[in-house]
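J.: Just model.tsv, nothing more (TSV, C-alpha atoms):
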```tsv
chain	number	residue	atom	x	y	z
U	237	MET	CA	0.00	0.00	0.00
U	238	ASP	CA	1.31	3.45	-1.01
U	239	PHE	CA	0.44	6.14	1.53
U	240	ASP	CA	0.76	8.91	-1.07
U	241	LEU	CA	-2.23	9.88	-3.15
U	242	THR	CA	-1.81	9.11	-6.82
U	243	ASP	CA	-1.68	11.98	-9.30
U	244	GLU	CA	-5.25	11.13	-10.28
U	245	GLN	CA	-6.44	11.13	-6.67
U	246	GLN	CA	-4.74	14.46	-6.07
U	247	LEU	CA	-6.52	15.85	-9.12
U	248	ILE	CA	-9.86	14.57	-7.80
U	249	ARG	CA	-9.22	16.24	-4.45
U	250	SER	CA	-8.27	19.50	-6.15
U	251	GLU	CA	-11.36	19.50	-8.36
U	252	ILE	CA	-13.70	18.77	-5.44
U	253	ARG	CA	-12.10	21.56	-3.42
U	254	ASP	CA	-12.64	23.98	-6.31
U	255	LEU	CA	-16.27	22.88	-6.67
U	256	CYS	CA	-16.96	23.21	-2.94
U	257	ALA	CA	-15.31	26.63	-2.81
U	258	GLU	CA	-18.38	27.97	-4.63
U	259	PHE	CA	-20.49	26.95	-1.62
U	260	GLY	CA	-19.03	28.38	1.57
U	261	ASP	CA	-20.15	28.27	5.17
U	262	ASP	CA	-22.69	31.03	4.54
U	263	TYR	CA	-24.45	28.78	2.02
U	264	TRP	CA	-24.59	25.75	4.32
U	265	ARG	CA	-25.47	27.79	7.40
U	266	GLU	CA	-28.48	29.26	5.63
U	267	ARG	CA	-29.64	25.88	4.33
U	268	ASP	CA	-29.32	24.40	7.80
U	269	LEU	CA	-31.23	27.20	9.51
U	270	ASN	CA	-34.02	27.16	6.91
U	271	HIS	CA	-34.10	23.35	6.54
U	272	GLU	CA	-33.66	23.89	2.82
U	273	TYR	CA	-32.41	21.19	0.46
U	274	PRO	CA	-29.10	22.35	-1.14
U	275	GLU	CA	-30.31	21.91	-4.69
U	276	SER	CA	-27.76	24.18	-6.37
U	277	PHE	CA	-24.87	22.29	-4.74
U	278	PHE	CA	-26.23	18.93	-5.86
U	279	GLU	CA	-26.84	20.20	-9.39
U	280	THR	CA	-23.26	21.45	-9.61
U	281	PHE	CA	-21.97	18.15	-8.20
U	282	ALA	CA	-23.98	16.26	-10.84
U	283	GLU	CA	-23.02	18.56	-13.72
U	284	HIS	CA	-19.35	17.85	-13.04
U	285	GLY	CA	-19.97	14.11	-13.31
U	286	TRP	CA	-19.36	13.16	-9.68
U	287	CYS	CA	-22.64	11.23	-9.20
U	288	GLY	CA	-21.18	8.38	-11.24
U	289	LEU	CA	-17.85	8.25	-9.43
U	290	THR	CA	-18.04	4.54	-8.52
U	291	ILE	CA	-20.37	3.41	-11.31
U	292	PRO	CA	-18.61	1.47	-14.10
U	293	GLU	CA	-17.82	3.36	-17.28
U	294	ALA	CA	-20.05	0.99	-19.26
U	295	TYR	CA	-23.06	2.60	-17.53
U	296	GLY	CA	-21.91	6.19	-17.83
U	297	GLY	CA	-19.87	6.41	-14.65
U	298	GLN	CA	-16.19	7.00	-13.95
U	299	GLY	CA	-15.39	3.56	-12.55
U	300	TYR	CA	-13.40	4.65	-9.52
U	301	GLY	CA	-13.20	2.75	-6.25
U	302	VAL	CA	-13.99	3.42	-2.62
U	303	GLN	CA	-10.60	5.06	-2.13
U	304	GLU	CA	-11.59	7.89	-4.47
U	305	ALA	CA	-15.17	8.01	-3.17
U	306	ALA	CA	-13.98	8.35	0.42
U	307	LEU	CA	-11.62	11.13	-0.63
U	308	VAL	CA	-14.50	13.02	-2.25
U	309	GLN	CA	-16.63	12.64	0.87
U	310	GLN	CA	-13.83	13.86	3.12
U	311	GLU	CA	-13.26	16.97	1.00
U	312	ILE	CA	-16.96	17.84	0.82
U	313	ALA	CA	-17.21	17.59	4.61
U	314	ARG	CA	-13.98	19.55	5.08
U	315	SER	CA	-15.30	22.40	2.92
U	316	GLY	CA	-17.80	23.27	5.65
U	317	ALA	CA	-20.64	21.35	4.05
U	318	ALA	CA	-20.22	18.79	6.85
U	319	MET	CA	-22.74	15.93	6.98
U	320	ALA	CA	-25.38	17.85	5.04
U	321	GLY	CA	-23.16	17.96	1.97
U	322	THR	CA	-22.04	14.37	2.19
U	323	SER	CA	-25.51	13.01	2.95
U	324	ILE	CA	-26.97	14.27	-0.33
U	325	THR	CA	-24.09	12.89	-2.42
U	326	ALA	CA	-23.10	9.63	-0.71
U	327	HIS	CA	-26.16	7.68	-1.83
U	328	HIS	CA	-25.10	7.99	-5.46
U	329	THR	CA	-21.65	6.64	-4.82
U	330	PHE	CA	-22.43	4.02	-2.16
U	331	SER	CA	-26.10	2.96	-2.29
U	332	SER	CA	-25.70	1.77	-5.87
U	333	GLU	CA	-22.85	-0.57	-4.89
U	334	PRO	CA	-25.01	-3.71	-4.31
U	335	LEU	CA	-26.71	-3.14	-7.68
U	336	VAL	CA	-23.31	-2.81	-9.39
U	337	ALA	CA	-21.99	-5.92	-7.66
U	338	PHE	CA	-25.01	-8.26	-7.74
U	339	GLY	CA	-27.62	-6.89	-10.16
U	340	ASP	CA	-28.28	-8.52	-13.51
U	341	GLU	CA	-27.42	-6.68	-16.72
U	342	ALA	CA	-30.93	-5.47	-17.50
U	343	HIS	CA	-31.37	-4.17	-13.94
U	344	LYS	CA	-28.11	-2.23	-14.12
U	345	GLU	CA	-29.01	-0.72	-17.47
U	346	ARG	CA	-32.37	0.46	-16.12
U	347	TYR	CA	-30.93	2.50	-13.27
U	348	LEU	CA	-27.18	3.05	-13.32
U	349	PRO	CA	-26.96	5.48	-16.29
U	350	THR	CA	-29.52	7.85	-14.79
U	351	ILE	CA	-27.83	7.66	-11.38
U	352	ALA	CA	-24.43	8.38	-12.94
U	353	ALA	CA	-25.88	11.36	-14.80
U	354	GLY	CA	-27.40	12.77	-11.62
U	355	ASP	CA	-30.85	12.70	-13.20
U	356	VAL	CA	-32.39	10.88	-10.23
U	357	GLN	CA	-32.10	11.14	-6.46
U	358	VAL	CA	-31.35	7.96	-4.48
U	359	CYS	CA	-32.44	6.89	-0.99
U	360	THR	CA	-32.03	3.74	1.10
U	361	GLY	CA	-34.69	1.94	3.15
U	362	VAL	CA	-33.20	-0.51	5.65
U	363	THR	CA	-33.65	0.67	9.27
U	364	GLU	CA	-36.96	0.02	11.03
U	365	PRO	CA	-38.30	1.33	14.37
U	366	ASN	CA	-38.87	-2.13	15.89
U	367	ALA	CA	-35.61	-3.65	14.65
U	368	GLY	CA	-32.94	-0.98	15.00
U	369	THR	CA	-29.49	-2.54	14.89
U	370	ASP	CA	-30.88	-6.10	14.69
U	371	THR	CA	-31.58	-6.19	10.96
U	372	SER	CA	-32.72	-9.81	11.24
U	373	ARG	CA	-35.90	-8.57	12.92
U	374	ILE	CA	-37.14	-6.21	10.23
U	375	GLU	CA	-40.89	-6.56	9.71
U	376	THR	CA	-41.46	-4.99	6.27
U	377	THR	CA	-42.70	-7.79	4.05
U	378	ALA	CA	-42.53	-8.35	0.30
U	379	GLU	CA	-45.04	-10.91	-0.96
U	380	ARG	CA	-44.33	-12.30	-4.42
U	381	ASP	CA	-47.10	-12.50	-7.02
U	382	ASP	CA	-45.72	-14.40	-10.02
U	383	GLU	CA	-48.89	-13.94	-12.04
U	384	ALA	CA	-48.73	-10.14	-11.71
U	385	GLY	CA	-44.94	-10.12	-11.90
U	386	VAL	CA	-44.53	-8.02	-8.75
U	387	TYR	CA	-43.70	-8.06	-5.06
U	388	SER	CA	-46.23	-6.32	-2.81
U	389	VAL	CA	-44.40	-4.48	-0.02
U	390	SER	CA	-45.97	-3.39	3.27
U	391	GLY	CA	-44.24	-2.04	6.36
U	392	GLN	CA	-42.35	0.91	7.78
U	393	LYS	CA	-38.83	2.29	7.45
U	394	ILE	CA	-37.23	5.02	9.55
U	395	TRP	CA	-34.30	7.41	9.16
U	396	THR	CA	-34.59	7.22	5.39
U	397	SER	CA	-32.48	10.13	4.19
U	398	LYS	CA	-33.55	12.10	1.10
U	399	ALA	CA	-36.95	10.41	0.88
U	400	GLN	CA	-38.47	13.86	0.25
U	401	GLU	CA	-36.51	14.13	-3.01
U	402	ALA	CA	-35.71	10.54	-4.00
U	403	ASP	CA	-36.76	9.01	-7.31
U	404	VAL	CA	-35.31	5.53	-6.64
U	405	ILE	CA	-34.75	3.46	-3.51
U	406	MET	CA	-32.60	0.56	-2.38
U	407	LEU	CA	-35.01	-1.35	-0.13
U	408	LEU	CA	-34.58	-4.35	2.16
U	409	ALA	CA	-37.68	-6.43	2.92
U	410	ARG	CA	-38.57	-9.84	4.30
U	411	THR	CA	-39.69	-12.43	1.75
U	412	LYS	CA	-39.79	-15.31	4.21
U	413	PRO	CA	-40.80	-15.25	7.89
U	414	ARG	CA	-37.87	-15.18	10.33
U	415	GLU	CA	-38.98	-18.39	11.98
U	416	GLU	CA	-38.87	-20.21	8.62
U	417	ALA	CA	-35.36	-19.05	7.72
U	418	ASP	CA	-32.02	-18.78	9.48
U	419	ARG	CA	-31.37	-15.53	11.31
U	420	PHE	CA	-30.51	-13.46	8.25
U	421	GLY	CA	-32.20	-15.60	5.65
U	422	GLY	CA	-35.43	-14.57	4.01
U	423	LEU	CA	-34.28	-10.98	3.48
U	424	THR	CA	-34.38	-9.66	-0.07
U	425	LEU	CA	-32.87	-6.50	-1.53
U	426	PHE	CA	-34.53	-4.37	-4.19
U	427	PHE	CA	-33.55	-1.35	-6.27
U	428	THR	CA	-36.64	0.28	-7.72
U	429	GLU	CA	-38.67	3.39	-8.49
U	430	PHE	CA	-39.81	5.49	-5.52
U	431	ASP	CA	-42.96	7.43	-6.37
U	432	ARG	CA	-44.17	9.51	-3.43
U	433	ASP	CA	-47.35	10.42	-5.34
U	434	THR	CA	-48.70	6.89	-5.21
U	435	ALA	CA	-51.19	6.06	-2.45
U	436	SER	CA	-49.04	3.11	-1.37
U	437	ILE	CA	-46.22	5.34	-0.01
U	438	GLU	CA	-46.35	7.90	2.79
U	439	VAL	CA	-43.31	9.97	3.77
U	440	THR	CA	-43.02	12.06	6.95
U	441	GLU	CA	-39.94	14.09	7.84
U	442	ILE	CA	-38.31	13.64	11.26
U	443	PRO	CA	-37.27	16.87	13.05
U	444	LYS	CA	-33.71	16.42	14.30
U	445	ALA	CA	-30.78	18.17	15.98
U	446	GLY	CA	-28.48	18.57	12.99
U	447	ARG	CA	-28.10	18.18	9.24
U	448	GLY	CA	-31.09	20.42	8.65
U	449	ALA	CA	-30.28	20.72	4.96
U	450	SER	CA	-30.71	16.97	4.42
U	451	ASP	CA	-34.04	15.42	5.37
U	452	SER	CA	-34.51	12.20	7.36
U	453	ASN	CA	-37.87	10.47	7.23
U	454	GLU	CA	-40.28	7.77	8.27
U	455	VAL	CA	-41.68	5.91	5.27
U	456	TRP	CA	-44.79	3.71	5.25
U	457	PHE	CA	-45.45	1.18	2.49
U	458	ASP	CA	-48.95	-0.20	1.94
U	459	GLU	CA	-49.03	-2.84	-0.80
U	460	PHE	CA	-46.33	-0.96	-2.70
U	461	GLU	CA	-45.65	-2.92	-5.89
U	462	ILE	CA	-42.10	-3.64	-7.04
U	463	PRO	CA	-41.50	-5.45	-10.35
U	464	ILE	CA	-39.81	-8.81	-9.82
U	465	GLU	CA	-37.04	-7.72	-12.19
U	466	ASP	CA	-36.12	-4.94	-9.74
U	467	ARG	CA	-34.91	-7.49	-7.20
U	468	ILE	CA	-31.13	-7.48	-6.70
U	469	GLY	CA	-29.73	-10.98	-7.16
U	470	GLU	CA	-31.45	-13.97	-5.57
U	471	GLU	CA	-34.43	-13.90	-3.28
U	472	GLY	CA	-33.47	-14.38	0.37
U	473	LYS	CA	-29.83	-13.30	-0.02
U	474	GLY	CA	-30.40	-9.60	0.50
U	475	PHE	CA	-28.56	-9.38	3.81
U	476	ARG	CA	-25.38	-10.81	2.28
U	477	TYR	CA	-25.62	-8.25	-0.52
U	478	LEU	CA	-26.23	-5.50	2.01
U	479	LEU	CA	-23.00	-6.29	3.85
U	480	ARG	CA	-21.08	-5.06	0.82
U	481	PHE	CA	-22.83	-1.73	1.16
U	482	ALA	CA	-22.35	-1.70	4.95
U	483	ASN	CA	-18.55	-1.76	4.76
U	484	THR	CA	-18.42	1.04	2.20
U	485	GLU	CA	-20.90	3.02	4.29
U	486	ARG	CA	-18.67	2.77	7.37
U	487	ILE	CA	-15.61	3.85	5.38
U	488	ALA	CA	-17.51	6.78	3.88
U	489	LEU	CA	-18.81	7.85	7.27
U	490	ALA	CA	-15.31	7.77	8.71
U	491	ALA	CA	-14.05	9.92	5.84
U	492	ASN	CA	-16.89	12.37	6.48
U	493	ALA	CA	-15.99	12.52	10.17
U	494	VAL	CA	-12.32	13.18	9.43
U	495	GLY	CA	-13.28	16.04	7.12
U	496	ILE	CA	-15.60	17.64	9.68
U	497	GLY	CA	-12.99	17.31	12.41
U	498	GLN	CA	-10.37	18.90	10.19
U	499	VAL	CA	-12.47	21.93	9.27
U	500	ALA	CA	-13.41	22.40	12.93
U	501	LEU	CA	-9.72	22.43	13.91
U	502	GLU	CA	-8.91	24.86	11.11
U	503	LYS	CA	-11.61	27.24	12.36
U	504	ALA	CA	-10.48	26.87	15.97
U	505	ALA	CA	-6.80	27.48	15.17
U	506	ALA	CA	-7.63	30.57	13.11
U	507	TYR	CA	-9.80	31.98	15.91
U	508	ALA	CA	-7.19	31.18	18.56
U	509	ASP	CA	-4.52	32.96	16.53
U	510	ASP	CA	-6.68	36.09	16.26
U	511	ARG	CA	-8.53	36.32	19.58
U	512	VAL	CA	-6.68	38.35	22.25
U	513	VAL	CA	-7.48	37.83	25.95
U	514	PHE	CA	-5.33	39.05	28.88
U	515	GLY	CA	-3.02	40.74	26.40
U	516	ASN	CA	-2.13	37.66	24.37
U	517	GLU	CA	-3.57	35.61	21.53
U	518	ILE	CA	-5.37	32.73	23.20
U	519	GLY	CA	-3.55	30.36	20.86
U	520	SER	CA	-0.37	31.08	22.82
U	521	TYR	CA	-1.82	29.32	25.88
U	522	GLN	CA	-1.14	25.61	26.21
U	523	GLY	CA	-4.66	25.05	27.50
U	524	ILE	CA	-5.79	25.96	23.97
U	525	GLN	CA	-2.86	24.52	22.02
U	526	HIS	CA	-2.68	21.04	23.49
U	527	PRO	CA	-6.29	19.90	22.88
U	528	LEU	CA	-6.11	21.09	19.26
U	529	ALA	CA	-2.73	19.42	18.72
U	530	ASP	CA	-4.08	16.22	20.24
U	531	SER	CA	-7.11	16.24	17.95
U	532	TRP	CA	-4.95	16.96	14.91
U	533	SER	CA	-2.80	13.91	15.61
U	534	LYS	CA	-5.84	11.68	16.08
U	535	LEU	CA	-7.47	12.80	12.82
U	536	GLU	CA	-4.21	12.23	10.93
U	537	GLN	CA	-4.19	8.62	12.13
U	538	ASP	CA	-7.87	8.25	11.26
U	539	GLU	CA	-7.23	9.48	7.71
U	540	LEU	CA	-4.57	6.82	7.22
U	541	MET	CA	-6.95	4.15	8.54
U	542	VAL	CA	-9.64	5.32	6.10
U	543	ARG	CA	-7.19	4.85	3.25
U	544	LYS	CA	-6.23	1.38	4.48
U	545	ALA	CA	-9.83	0.19	4.79
U	546	ALA	CA	-10.73	1.62	1.37
U	547	TRP	CA	-7.62	0.07	-0.20
U	548	LEU	CA	-8.52	-3.35	1.23
U	549	TYR	CA	-12.06	-3.04	-0.15
U	550	ASP	CA	-10.92	-1.98	-3.61
U	551	ASN	CA	-8.47	-4.88	-3.71
U	552	ASP	CA	-11.15	-7.44	-2.78
U	553	ARG	CA	-9.63	-8.07	0.63
U	554	ASP	CA	-11.60	-8.56	3.83
U	555	CYS	CA	-12.07	-5.12	5.37
U	556	GLY	CA	-14.84	-5.68	7.93
U	557	ALA	CA	-12.60	-5.13	10.96
U	558	GLU	CA	-10.89	-2.10	9.46
U	559	ALA	CA	-14.13	-0.50	8.24
U	560	ASN	CA	-15.73	-0.88	11.66
U	561	ALA	CA	-12.62	0.22	13.55
U	562	VAL	CA	-12.16	3.41	11.56
U	563	LYS	CA	-15.84	4.26	11.87
U	564	LEU	CA	-15.45	3.95	15.64
U	565	ARG	CA	-12.27	5.98	15.95
U	566	ALA	CA	-12.98	8.70	13.39
U	567	SER	CA	-16.49	9.39	14.68
U	568	GLU	CA	-15.30	9.73	18.29
U	569	ASP	CA	-12.25	11.80	17.37
U	570	ALA	CA	-14.25	14.13	15.12
U	571	LEU	CA	-16.87	14.72	17.83
U	572	GLU	CA	-14.11	15.52	20.29
U	573	ALA	CA	-12.44	17.88	17.80
U	574	CYS	CA	-15.70	19.72	17.17
U	575	GLU	CA	-16.40	20.09	20.90
U	576	ARG	CA	-12.89	21.44	21.41
U	577	ALA	CA	-13.44	23.90	18.56
U	578	VAL	CA	-16.61	25.15	20.25
U	579	ARG	CA	-14.74	25.55	23.55
U	580	VAL	CA	-11.91	27.47	21.89
U	581	HIS	CA	-14.45	29.96	20.55
U	582	GLY	CA	-15.91	30.44	24.02
U	583	GLY	CA	-19.38	31.96	23.96
U	584	MET	CA	-19.12	32.61	20.23
U	585	GLY	CA	-18.71	28.90	19.70
U	586	TYR	CA	-22.40	28.63	20.52
U	587	ALA	CA	-23.28	31.22	17.87
U	588	SER	CA	-24.36	30.10	14.40
U	589	GLU	CA	-22.18	32.66	12.63
U	590	TYR	CA	-18.97	30.83	13.58
U	591	ASP	CA	-20.23	27.47	12.26
U	592	VAL	CA	-18.42	25.22	14.74
U	593	GLU	CA	-21.68	24.57	16.60
U	594	ARG	CA	-23.14	23.30	13.31
U	595	TYR	CA	-20.19	20.95	12.79
U	596	TRP	CA	-20.62	19.75	16.39
U	597	ARG	CA	-24.34	19.03	15.90
U	598	GLU	CA	-23.80	17.30	12.58
U	599	THR	CA	-20.96	15.02	13.60
U	600	MET	CA	-22.87	13.67	16.62
U	601	ILE	CA	-24.86	11.39	14.31
U	602	ASN	CA	-21.67	9.56	13.34
U	603	VAL	CA	-21.24	7.94	16.76
U	604	ILE	CA	-24.74	6.41	16.72
U	605	ALA	CA	-25.44	5.68	13.04
U	606	PRO	CA	-25.62	3.68	10.88
U	607	ILE	CA	-24.60	1.49	13.80
U	608	SER	CA	-23.75	2.59	17.31
U	609	ASN	CA	-20.13	2.55	18.41
U	610	GLU	CA	-21.09	0.15	21.20
U	611	MET	CA	-22.14	-2.37	18.54
U	612	VAL	CA	-18.90	-1.73	16.65
U	613	LYS	CA	-16.98	-2.65	19.79
U	614	ASN	CA	-19.07	-5.82	20.08
U	615	TYR	CA	-18.15	-6.69	16.46
U	616	ILE	CA	-14.44	-6.18	17.09
U	617	ALA	CA	-14.53	-8.14	20.36
U	618	GLU	CA	-16.32	-11.08	18.76
U	619	HIS	CA	-14.93	-11.20	15.20
U	620	VAL	CA	-11.40	-9.87	15.74
U	621	LEU	CA	-10.52	-10.83	19.30
U	622	GLY	CA	-12.50	-14.08	19.30
U	623	LEU	CA	-14.43	-13.29	22.49
U	624	PRO	CA	-17.87	-14.78	23.26
U	625	LYS	CA	-20.96	-13.08	21.86
U	626	SER	CA	-22.29	-10.65	24.47
U	627	TYR	CA	-25.83	-10.03	23.23
```
How would this structure read if it were set down as structure tokens?
T.:
Amino acid sequence: MDFDLTDEQQLIRSEIRDLCAEFGDDYWRERDLNHEYPESFFETFAEHGWCGLTIPEAYGGQGYGVQEAALVQQEIARSGAAMAGTSITAHHTFSSEPLVAFGDEAHKERYLPTIAAGDVQVCTGVTEPNAGTDTSRIETTAERDDEAGVYSVSGQKIWTSKAQEADVIMLLARTKPREEADRFGGLTLFFTEFDRDTASIEVTEIPKAGRGASDSNEVWFDEFEIPIEDRIGEEGKGFRYLLRFANTERIALAANAVGIGQVALEKAAAYADDRVVFGNEIGSYQGIQHPLADSWSKLEQDELMVRKAAWLYDNDRDCGAEANAVKLRASEDALEACERAVRVHGGMGYASEYDVERYWRETMINVIAPISNEMVKNYIAEHVLGLPKSY
């Protein structure tokens, strides 16, 4: 593994930085305060071809790997867009991964070109209120009707990001009762149209602490029909397909966290260098310097771990431990960095105009989603250290 970015990766980083420079903190602060979808940012992102970053060239994409996708996510977050900016772009680069890996040719041709072009918005429906982290207990059902050529889906999903804008959805549903299958058997994955105007779908936004510019929702399905040909791979193997997405999601989230932590430190250092108290810049005091230096060192290590996990994934190596570990570390370190940035700003750290409070609110989600850090520790204890299952 080479720790240096390739010339191509450096070019990607430079181009994303230039794109994001058009949308500064003022833009994201306003969208957050008004709970307004950042449409102009997404349109610019799409126009420059970034929606198809990880989609194969045969379907109109650029064919890059998770290493490049994670780099893009980190730079978007670092620009000040934070989780709002990455949330509206990540679904294009990561939610399509199971379709790319396991979909049949006709299925790919139906959806991937429009995703790569940025012509459609993508959302993901996996989490449910009565299942939470235990995906084996999801209750949304998909009943197959061979005569009609459809699955009829009924149930509820929660925390479905972008469901207010989405045109397509990656959806996990149960096609066989849990008691008739092994723990994760009977789960089937779909990639299909998402029409909010139909009577069989109801979407309700969830008010939340951060990421106001990117909606999160509860979604109810009532006999929502999905064509059989929009099933990804084989019936009942959806959870195995979803694991491929789960590792990339953890890597992407860690990259997001690193970016948010870095921009928070940059803001804090600039403020500390300028703010004078008791006759000196507060950045001259070790009580200010040491926490920022400590956070900088942690985020540097996290960035290297992101690259390692992404490299393993792109080279078809097992990366479950690394993807989970870096999600754990980067999310905790970024939250700490953002809190320290708020503290450095003193009372103004609580003011919207300095933005660090927004970074702080937005990065909190990373320690509890898409899986809590407590469950990540359970995974590492059981699957890496070989300790008995604790739950």
J.: Here is a test: counting all atoms listed in the file, which residue of U:Arg467, U:Arg486, U:His327, U:Arg380 is nearest to Ile291 in chain U?
T.: U:His327
J.: Please report the interatomic distance between CA of Thr329 in chain U and CA of Glu471 in chain U in Å with one decimal.
T.: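 Computed distance, CA of Thr329 in chain U to CA of Glu471 in chain U, equals 24.2 Å.
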J.: Could you tell me how far CA of Phe475 in chain U lies from CA of Gln298 in chain U, in Å and to one decimal?
T.: 27.1 Å
J.: Return the padded bounding box of range 309-312 of chain U as AutoDock Vina command-line options: axis-aligned, built from all atoms listed in the file, 8 Å added on each side, with centre and edge lengths in Å to one decimal.
T.:
```
--center_x -15.1 --center_y 15.2 --center_z 2.0 --size_x 19.7 --size_y 21.2 --size_z 18.3
```
J.: Work out how far apart CA of Ala402 in chain U and CA of Ala294 in chain U are and give it in Å to one decimal.
T.: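 We find that CA of Ala402 in chain U and CA of Ala294 in chain U lie 23.9 Å from each other.
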J.: Which residues come within 8 Å of Ala306 in chain U, counting all atoms listed in the file, excluding same-chain residues fewer than 4 positions away, as a list in words?
T.: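 Contacts, with the query itself left out: Val302, Gln310, Ile487, Ala488, Ala491, Asn492, Val542 and Ala546 of chain U.
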J.: Give one line per residue of range 304-352 of chain U that approaches range 273-290 of chain U to at most 10 Å, naming the two atoms of the closest pair and their distance in Å to one decimal, counting only C-alpha atoms; sort by chain then ascending residue number and deliver it as a tab-separated table.
T.:
```
residue	atom	partner	partner_atom	distance
U:Glu304	CA	U:Leu289	CA	8.0
U:Ala305	CA	U:Leu289	CA	6.8
U:Val308	CA	U:Trp286	CA	8.9
U:Ala317	CA	U:Phe277	CA	9.8
U:Ala320	CA	U:Pro274	CA	8.5
U:Gly321	CA	U:Pro274	CA	8.0
U:Ile324	CA	U:Phe278	CA	7.3
U:Thr325	CA	U:Cys287	CA	7.1
U:Ala326	CA	U:Cys287	CA	8.7
U:His327	CA	U:Cys287	CA	8.9
U:His328	CA	U:Cys287	CA	5.5
U:Thr329	CA	U:Thr290	CA	5.6
U:Phe330	CA	U:Thr290	CA	7.7
U:Ser332	CA	U:Thr290	CA	8.6
U:Glu333	CA	U:Thr290	CA	7.9
U:Val336	CA	U:Thr290	CA	9.1
U:Leu348	CA	U:Gly288	CA	8.3
U:Pro349	CA	U:Gly288	CA	8.2
U:Thr350	CA	U:Gly288	CA	9.1
U:Ile351	CA	U:Cys287	CA	6.7
U:Ala352	CA	U:Gly288	CA	3.7
```
J.: Mind checking which residues fall within 9 Å of range 405-407 of chain U, counting only C-alpha atoms, ignoring those fewer than 4 positions away in the same chain, and posting them as a VMD selection string?
T.: chain U and resid 331 to 332 334 to 335 357 to 362 399 424 to 430
J.: Determine, counting all atoms listed in the file, which protein, DNA and RNA residues have an atom within 6 Å of an atom of range 589-597 of chain U; residues of the same chain fewer than 3 positions away are not included. Present the result as an MDAnalysis selection string.
T.: chainID U and resid 446 574 578 586 600
J.: Could you give me, as a list in words, the residues that have an atom at most 12 Å away from the point (-4.0, 19.8, 22.6) in the coordinates of the file, using all atoms listed in the file?
T.: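 With a cut-off of 12 Å, the residues come to Leu501, Ala504, Ala505, Gly519, Ser520, Tyr521, Gln522, Gly523, Ile524, Gln525, His526, Pro527, Leu528, Ala529, Asp530, Ser531, Trp532, Ser533, Lys534, Glu572, Ala573, Arg576, Ala577 and Val580 of chain U.
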J.: Please provide the set of residues having any atom within 10 Å of Leu423 in chain U, restricted to all atoms listed in the file, with same-chain residues fewer than 6 positions apart removed, written as a list in words.
T.: Thr371, Ser372, Arg373, Ile374, Thr376, Thr377, Ala378, Leu408, Ala409, Arg410, Thr411, Lys412, Pro413, Arg414, Ala417, Glu470, Glu471, Gly472, Lys473, Gly474, Phe475, Arg476, Tyr477 and Leu478 of chain U
J.: For range 389-433 of chain U against range 450-464 of chain U, with a cut-off of 10 Å and counting only C-alpha atoms, what is the closest atom pair and its distance in Å to one decimal for every residue that makes the cut, ordered by chain and number, as a tab-separated table?
T.:
```
residue	atom	partner	partner_atom	distance
U:Val389	CA	U:Phe460	CA	4.8
U:Ser390	CA	U:Asp458	CA	4.6
U:Gly391	CA	U:Phe457	CA	5.2
U:Gln392	CA	U:Trp456	CA	4.5
U:Lys393	CA	U:Val455	CA	5.1
U:Ile394	CA	U:Glu454	CA	4.3
U:Trp395	CA	U:Asn453	CA	5.1
U:Thr396	CA	U:Asn453	CA	5.0
U:Ser397	CA	U:Ser452	CA	4.3
U:Lys398	CA	U:Asp451	CA	5.4
U:Ala399	CA	U:Asn453	CA	6.4
U:Gln400	CA	U:Asp451	CA	6.9
U:Glu401	CA	U:Asp451	CA	8.8
U:Phe426	CA	U:Ile462	CA	8.1
U:Phe427	CA	U:Ile462	CA	8.9
U:Thr428	CA	U:Ile462	CA	6.8
U:Glu429	CA	U:Ile462	CA	8.0
U:Phe430	CA	U:Ile462	CA	9.5
U:Asp431	CA	U:Phe460	CA	9.8
U:Arg432	CA	U:Val455	CA	9.7
```
J.: Got a moment to write range 503-510 of chain U out with N, CA and C atoms, as a PDB file, in the first residue's frame?
T.:
```pdb
ATOM      1  N   LYS U 503     -10.874  26.080  11.844  1.00  0.00           N
ATOM      2  CA  LYS U 503     -11.607  27.241  12.360  1.00  0.00           C
ATOM      3  C   LYS U 503     -11.104  27.623  13.757  1.00  0.00           C
ATOM      4  N   ALA U 504     -10.899  26.613  14.594  1.00  0.00           N
ATOM      5  CA  ALA U 504     -10.477  26.874  15.967  1.00  0.00           C
ATOM      6  C   ALA U 504      -9.079  27.490  16.002  1.00  0.00           C
ATOM      7  N   ALA U 505      -8.169  26.954  15.186  1.00  0.00           N
ATOM      8  CA  ALA U 505      -6.802  27.475  15.166  1.00  0.00           C
ATOM      9  C   ALA U 505      -6.780  28.918  14.669  1.00  0.00           C
ATOM     10  N   ALA U 506      -7.581  29.211  13.638  1.00  0.00           N
ATOM     11  CA  ALA U 506      -7.631  30.574  13.112  1.00  0.00           C
ATOM     12  C   ALA U 506      -8.174  31.546  14.162  1.00  0.00           C
ATOM     13  N   TYR U 507      -9.212  31.124  14.870  1.00  0.00           N
ATOM     14  CA  TYR U 507      -9.801  31.979  15.906  1.00  0.00           C
ATOM     15  C   TYR U 507      -8.810  32.186  17.051  1.00  0.00           C
ATOM     16  N   ALA U 508      -8.135  31.111  17.449  1.00  0.00           N
ATOM     17  CA  ALA U 508      -7.187  31.184  18.562  1.00  0.00           C
ATOM     18  C   ALA U 508      -5.993  32.077  18.230  1.00  0.00           C
ATOM     19  N   ASP U 509      -5.638  32.132  16.961  1.00  0.00           N
ATOM     20  CA  ASP U 509      -4.520  32.964  16.531  1.00  0.00           C
ATOM     21  C   ASP U 509      -4.896  34.443  16.482  1.00  0.00           C
ATOM     22  N   ASP U 510      -6.199  34.714  16.426  1.00  0.00           N
ATOM     23  CA  ASP U 510      -6.684  36.085  16.265  1.00  0.00           C
ATOM     24  C   ASP U 510      -7.242  36.688  17.556  1.00  0.00           C
TER      25      ASP U 510
END
```
